[in-house]
Amino acid sequence: MECNFGLNYGTQGDNLPTPDKGLNPLRQVVWRLRLFSPDRAILNYLNSSDSGIVVLSIGTFNEEIEKIAVDQNYANSWVQQNIVPFSEIIFSHIVVGNEVIPGPIGNFVIQAMINMEKAIKECTTHDIYVTTTVSMNVLGTSYPPSAGAFGEDSMTVMRGVVHFLQTRGYPLFLNVYPYFAYANNPAEIRLDYALFNTTDIVVQDGDLQYRNLFYAMVDSVIWAVEKAEGPNVEIVVSETGWPSAGNGDITTVEHARMYVNNLITTQMKSGTPKRPQHAMKTHIFAMYNENLKPEGVERNFGIYHPDLSEVYHVDWPKWTGRCNLENM
């Protein structure tokens with residue numbers, strides 16, 4: 001499982017280090033990296049022999065989705081510009097959009113994924129998975145986890161997305177934030193349950209027992225995906241984290257450190273109660289505190305300050321050599 005952890009590399013800051021300096025401390029601890037959109041400086045560095053990063057997920061801009069969906073040439077050009085020149089990078093996933101379902105842009109996601117898949121096959125020899133990223137907002141029901149189901153406003157699109165992923169063996173990317181669930185409902189959600197900091201069984205759902213909110217949230221989406229005829233669709237956690245400032249006593253450095261380290265420790269032991277044997281790939285959000293994001297918690301999800309000092313320490317599991325790439 002040690003090869004299943006990675007980081008989101010956000011770039012919304014005017015004081016961030018160059019990629020060679022920023023990625024160097026992570027050479028032996030972070031195996032996966034996620035870029036929200038193509039960034040030439042980062043891609044050029046990752047394409048060098050010195051980066052140490054093994055696999056990369058790369059996203060499209062949300063405003064590109066409609067163009068990709070209606071114009072195969074645009075999809076081909078996207079791959080030619082952002083994938084083909086970087087032959088030393090192992091691209092694991094192209095992520096068509098971030099949290100656009102439900103919504104008007106979401107209606108273009110399925111065709112955009114189809115066109116992107118065609119572009120990969122036409123323009124490269126790479127085996128790259130195509131997916132999209134969703135948030136918990138695609139659910140109409142999430143509690144208890146076994147009741148998880150897509151909402152009316154997302155059901156039609158998500159059934160199409162799930163069918164695409166199921167028939168091709170591609171995963172669904174999911175952003176999971178127990179912090180926001182707790183912050184929005186502290187009267188009914190226990191803080192220790194959100195922070196992986198209890199051994200109590202907090203939720204009993206049939207035969208399944210939940211000791212942390214993260215696994216309950218993920219399993220609710222797995223149930224929804226299975227009900228949409230996607231029994232074999234893998235869930236990849238594309239974002240999760242806890243802010244270290246911005247919302248009083250809820251957002252402290254200690255809480256952020258506790259959340260991320262407990263997450264890693266928990267996932268090193270097993271998968272979710274619904275899929276206990278499944279080693280879930282997880283990307284921590286985020287590498288840096290980004291000062292161009294909206295004020296408040298959004299600026300404070302970083303593990304590192306822009307000067308590369310730690311906001312808090314993460315006990316990354318060490319890996320040596322190249323991990324097995326058969327299941328990217």
# chains A, B, ... in the order shown; residues from 1 in each chain; ligands from 1
$ residues_around --residues "Gly160 of chain A" --least-positions-apart "5" --cutoff "10 Å" --atoms "only C-alpha atoms" --output "PyMOL selection string"
chain A and resi 107+109-111+155+165-166+228-229
$ residues_around --residues "Ile120 of chain A" --least-positions-apart "4" --cutoff "9 Å" --atoms "only C-alpha atoms" --output "ChimeraX atom specification"
/A:75-76,79-80,83,115-116,124-128
$ write_last_selection --atoms "C-alpha atoms" --output "PDB file, in the first residue's frame"
ATOM      1  CA  ALA A  75      -9.203  16.591 -27.850  1.00  0.00           C
ATOM      2  CA  ASN A  76      -6.428  15.344 -30.134  1.00  0.00           C
ATOM      3  CA  VAL A  79      -3.142  15.250 -26.002  1.00  0.00           C
ATOM      4  CA  GLN A  80      -0.562  16.334 -28.586  1.00  0.00           C
ATOM      5  CA  ILE A  83       1.003  14.384 -23.184  1.00  0.00           C
ATOM      6  CA  ASN A 115     -13.248  11.881 -27.159  1.00  0.00           C
ATOM      7  CA  MET A 116     -10.267  12.056 -24.826  1.00  0.00           C
ATOM      8  CA  THR A 124       0.002   8.073 -28.286  1.00  0.00           C
ATOM      9  CA  THR A 125       1.046   4.536 -27.461  1.00  0.00           C
ATOM     10  CA  HIS A 126       0.388   5.146 -23.763  1.00  0.00           C
ATOM     11  CA  ASP A 127      -2.094   3.237 -21.644  1.00  0.00           C
ATOM     12  CA  ILE A 128      -3.746   6.173 -19.862  1.00  0.00           C
TER      13      ILE A 128
END
$ select_by_dssp --residues "segment 46-288 of chain A" --states "alpha helix (DSSP H)" --output "PyMOL selection string"
chain A and resi 46+65-70+72-82+109-123+155-168+178-184+191-194+213-227+253-269
$ write_last_selection --atoms "C-alpha atoms" --output "compact mmCIF listing (two decimals), in the first residue's frame"
# COMPACT_ATOMS: atom_id res chain seq x y z
CA LEU A 46 8.79 15.86 -14.23
CA ILE A 65 -14.79 20.25 -21.29
CA GLU A 66 -17.42 21.39 -23.79
CA LYS A 67 -14.76 21.96 -26.46
CA ILE A 68 -13.32 18.49 -25.89
CA ALA A 69 -16.82 17.01 -26.09
CA VAL A 70 -17.89 18.65 -29.34
CA GLN A 72 -12.44 15.55 -31.58
CA ASN A 73 -9.67 17.64 -33.10
CA TYR A 74 -9.55 19.75 -29.93
CA ALA A 75 -9.20 16.59 -27.85
CA ASN A 76 -6.43 15.34 -30.13
CA SER A 77 -4.65 18.68 -29.91
CA TRP A 78 -4.90 18.60 -26.10
CA VAL A 79 -3.14 15.25 -26.00
CA GLN A 80 -0.56 16.33 -28.59
CA GLN A 81 0.33 19.41 -26.54
CA ASN A 82 0.14 18.09 -22.99
CA VAL A 109 -18.39 15.10 -19.37
CA ILE A 110 -19.32 11.70 -20.84
CA GLN A 111 -18.71 12.69 -24.47
CA ALA A 112 -15.56 14.55 -23.44
CA MET A 113 -14.22 11.39 -21.80
CA ILE A 114 -15.06 9.39 -24.93
CA ASN A 115 -13.25 11.88 -27.16
CA MET A 116 -10.27 12.06 -24.83
CA GLU A 117 -9.97 8.29 -24.88
CA LYS A 118 -10.02 8.35 -28.70
CA ALA A 119 -7.34 11.05 -28.69
CA ILE A 120 -5.06 8.97 -26.46
CA LYS A 121 -5.39 5.97 -28.77
CA GLU A 122 -4.87 8.03 -31.91
CA CYS A 123 -1.99 10.21 -30.71
CA MET A 155 -28.32 10.59 -11.60
CA THR A 156 -28.53 10.64 -15.40
CA VAL A 157 -24.99 11.92 -15.95
CA MET A 158 -23.49 9.72 -13.25
CA ARG A 159 -25.10 6.59 -14.71
CA GLY A 160 -23.40 7.43 -17.99
CA VAL A 161 -20.10 8.14 -16.28
CA VAL A 162 -20.27 4.90 -14.32
CA HIS A 163 -21.10 2.91 -17.47
CA PHE A 164 -18.09 4.42 -19.26
CA LEU A 165 -15.76 3.61 -16.36
CA GLN A 166 -17.18 0.13 -15.74
CA THR A 167 -16.88 -1.02 -19.36
CA ARG A 168 -13.29 0.19 -19.64
CA PRO A 178 -14.60 15.07 6.42
CA TYR A 179 -13.52 18.57 7.50
CA PHE A 180 -16.34 20.23 5.57
CA ALA A 181 -18.87 17.64 6.73
CA TYR A 182 -17.89 18.31 10.34
CA ALA A 183 -17.63 22.10 9.99
CA ASN A 184 -21.12 22.22 8.48
CA LEU A 191 -14.68 15.69 15.81
CA ASP A 192 -12.73 12.58 16.78
CA TYR A 193 -14.76 10.59 14.23
CA ALA A 194 -13.78 13.10 11.53
CA LEU A 213 -16.08 9.50 8.76
CA PHE A 214 -13.72 9.27 5.76
CA TYR A 215 -14.48 5.60 5.17
CA ALA A 216 -18.20 6.18 5.68
CA MET A 217 -18.15 8.90 3.02
CA VAL A 218 -16.18 6.81 0.54
CA ASP A 219 -18.40 3.77 1.05
CA SER A 220 -21.55 5.82 0.48
CA VAL A 221 -20.21 6.68 -2.97
CA ILE A 222 -19.21 3.05 -3.61
CA TRP A 223 -22.78 2.00 -2.80
CA ALA A 224 -24.13 4.67 -5.18
CA VAL A 225 -21.76 3.56 -7.95
CA GLU A 226 -22.76 -0.07 -7.49
CA LYS A 227 -26.46 0.84 -7.64
CA VAL A 253 -1.95 22.67 12.81
CA GLU A 254 -2.41 19.77 15.22
CA HIS A 255 -5.76 18.80 13.73
CA ALA A 256 -4.31 18.93 10.21
CA ARG A 257 -1.31 16.83 11.25
CA MET A 258 -3.53 14.36 13.07
CA TYR A 259 -5.92 13.97 10.14
CA VAL A 260 -3.31 13.29 7.48
CA ASN A 261 -1.12 11.01 9.57
CA ASN A 262 -4.07 9.05 10.93
CA LEU A 263 -5.41 8.71 7.40
CA ILE A 264 -2.14 7.21 6.20
CA THR A 265 -1.88 4.87 9.18
CA THR A 266 -5.49 3.72 8.77
CA GLN A 267 -5.18 3.04 5.07
CA MET A 268 -1.93 1.17 5.53
CA LYS A 269 -3.91 -1.35 7.58
$ residues_around --residues "segment 290-292 of chain A" --least-positions-apart "2" --cutoff "7 Å" --atoms "only C-alpha atoms" --output "NGL selection string"
:A and (12-14 or 288 or 294 or 299)
$ residues_around --residues "Gly206 of chain A" --least-positions-apart "5" --cutoff "12 Å" --atoms "only C-alpha atoms" --output "tab-separated table (two decimals) with N, CA, C and O atoms, in the first residue's frame"
chain	number	residue	atom	x	y	z
A	144	PRO	N	-27.31	6.08	6.14
A	144	PRO	CA	-26.01	5.42	6.37
A	144	PRO	C	-25.35	5.09	5.04
A	144	PRO	O	-26.00	5.19	3.99
A	145	PRO	N	-24.07	4.69	5.05
A	145	PRO	CA	-23.37	4.47	3.79
A	145	PRO	C	-24.10	3.55	2.81
A	145	PRO	O	-24.10	3.81	1.59
A	146	SER	N	-24.75	2.50	3.31
A	146	SER	CA	-25.43	1.56	2.41
A	146	SER	C	-26.62	2.18	1.70
A	146	SER	O	-27.12	1.64	0.71
A	147	ALA	N	-27.07	3.34	2.18
A	147	ALA	CA	-28.16	4.06	1.52
A	147	ALA	C	-27.65	5.01	0.45
A	147	ALA	O	-28.44	5.69	-0.22
A	273	PRO	N	-14.63	-0.46	5.14
A	273	PRO	CA	-15.41	-1.63	5.57
A	273	PRO	C	-16.08	-2.37	4.41
A	273	PRO	O	-16.20	-3.59	4.44
A	274	LYS	N	-16.53	-1.66	3.40
A	274	LYS	CA	-17.18	-2.32	2.26
A	274	LYS	C	-16.17	-3.03	1.37
A	274	LYS	O	-16.49	-4.08	0.77
$ residues_around --residues "Thr141 of chain A" --least-positions-apart "3" --cutoff "8 Å" --atoms "only C-alpha atoms" --output "list of chain:residue names"
A:Ala147, A:Gly148, A:Ala149, A:Phe150, A:Gly151
$ write_last_selection --atoms "N, CA and C atoms" --output "PDB file, in the first residue's frame"
ATOM      1  N   ALA A 147     -27.075   3.344   2.182  1.00  0.00           N
ATOM      2  CA  ALA A 147     -28.163   4.057   1.520  1.00  0.00           C
ATOM      3  C   ALA A 147     -27.646   5.007   0.448  1.00  0.00           C
ATOM      4  N   GLY A 148     -26.336   5.057   0.274  1.00  0.00           N
ATOM      5  CA  GLY A 148     -25.741   5.982  -0.688  1.00  0.00           C
ATOM      6  C   GLY A 148     -26.350   5.850  -2.071  1.00  0.00           C
ATOM      7  N   ALA A 149     -26.783   6.980  -2.635  1.00  0.00           N
ATOM      8  CA  ALA A 149     -27.403   6.984  -3.962  1.00  0.00           C
ATOM      9  C   ALA A 149     -27.200   8.353  -4.584  1.00  0.00           C
ATOM     10  N   PHE A 150     -27.067   8.374  -5.901  1.00  0.00           N
ATOM     11  CA  PHE A 150     -26.899   9.638  -6.604  1.00  0.00           C
ATOM     12  C   PHE A 150     -28.190  10.447  -6.524  1.00  0.00           C
ATOM     13  N   GLY A 151     -28.040  11.768  -6.478  1.00  0.00           N
ATOM     14  CA  GLY A 151     -29.189  12.656  -6.430  1.00  0.00           C
ATOM     15  C   GLY A 151     -29.879  12.769  -7.767  1.00  0.00           C
TER      16      GLY A 151
END
